Amino acid sequence: MTFNARTLPSNDNVNPYSFCVDVASEMFIQKGKMIAYYGSLRFEAISAGPYDALIRQSFNSPLYANDFVVVTGHGKLILGDRGYNISSFDLEDGNLTVRSPNMLGFDPSLICQESTVPGYLTLLGTGKFLASSNGEVHFLEPPVRVDEDALLGWADMPSPSYRYNYSYMRGKFGMVRGMVSNRTTGEERQLDFTGQGTVLIQSSEAALGGAADLEEVIARSSSLGQNELQQLLGNIQQRLQNR
Amino acid sequence: MLLVRLRNEEVFAKRGAMIAYTGFVEFAPSSSGSEGMRGAAMRSVTGERMTLMSARGTGEVLYAFYGMHVTMISLRGETFYAESESVLAYDGRLRSGTEFLGQGGAGGLIRGAATGSGLFTTTLEGMGELAIVSEGGAIALDVTPQRPIFADPQAYVGHRGQIHSTLVTDVGWKTFVGQSSGESYQLKFTGQGTVYIQAAERGGNR
């Protein structure tokens, strides 16, 4: 099956791992996820300037300004993300929070803000957005506890809190306190969701950390004081030794 | 995964990609595929290396490569251009070779350097079947003189037909102050034919 500009699906999946967007005016996409396009499209960095009004209206997230670009023009744009599954979601006057590396693109009719949970972005309003996942997306209803590595996001509900297993807590209180590395698995620490809404998980624990997480840590550390920085340094040194 | 039924025929495949077989099949390393001594010399000089195994005989052979998707392509006398790492297996009837991409002058040279794919590409020519591997399956996209296509060099898998590729750059001062759009290098394909892309970028986070 060979596609051309006319036979390519319109705002739908080409295969489970790639998605074709009919670009008619403007759209936000994550940097570097374009794999091909027909037509005349332009890619501009958010910080580059020409779309001030658009960005004022819908992109309220300085921390991630370098991770997204604005696509303008007319054409068919195909997006792909490391061979991950891509799904499209419709948001109707709602709010939805997604892990930032999995947020592939969104309509400018939505407002994008940073979530209070580090590493997540929240979309508000009405419009379409695209998310990637390692494996298919599954929907859960609260109350539910989820391994953070498998969590993709949550919709229409309050932010989650961490829930630690009791034996892990006891370990932390005891002699070994400070000696155990901060590495946790989903069996020791989960995100606890309560209230009404939907939780989105992927069918894999492949965390998408890397560069995005590092940026996050650096950005957050700017508000730390002398003592906290010392603590952070000690923690990092310990983890390096444990490797 | 790819299943090849051989009836006293020969197939060339990536070395180490055979995972199982039945029947009477002889495997032999082949550094040159079906291109002879001159081709082999060309490959070792150009670095567009394909380490191949030939399988000859009668039986069934299973090939797979890191769980990647396999796409079959039938050639009817035309030439297929592929990145050597994307070629999983091909029919013994196809002739393989290497081609210099730098013919487009400086553009071609920059293209190779920017995409990390080198200045040479693998060609397969003739009548027969070819299997390519990709992340998430190869997507075939038509190119016509009226409708060129732009692709991310790292998502490009191969192409066939009368296609000319040029590297379009969007590199300006913004790129150097860290405000690039992330799509600074694009391959523009013009002419008549089909371009194959995959839903992932080589050399990404993996």
# chains A, B, ... in the order shown; residues from 1 in each chain; ligands from 1

$ residues_around --residues "Phe65 (chain B)" --least-positions-apart "2" --cutoff "6 Å" --atoms "only C-alpha atoms" --output "number ranges by chain"
B: 17, 67-68

$ residues_around --residues "region 7-14 of chain B" --least-positions-apart "6" --cutoff "6 Å" --atoms "only C-alpha atoms" --output "MDAnalysis selection string"
chainID B and resid 52:58 88:92

$ interface_residues --of "chain A" --to "chain B" --cutoff "8 Å" --atoms "only C-alpha atoms" --output "PyMOL selection string"
chain A and resi 1-5+14-18+31-32+34-39+43-45+47-48+66+69+79-84

$ residues_around --residues "region 93-108 of chain A" --least-positions-apart "5" --cutoff "6 Å" --atoms "only C-alpha atoms" --output "PyMOL selection string"
chain A and resi 27-30+58+119-132+152-156

$ select_by_dssp --residues "region 2-187 of chain A" --states "strand (DSSP E or B)" --output "ChimeraX atom specification"
/A:2-3,12-15,18-23,26-30,34-45,59-60,68-80,85-99,103-106,110-114,120-133,137-140,144-146,151-155,161-164
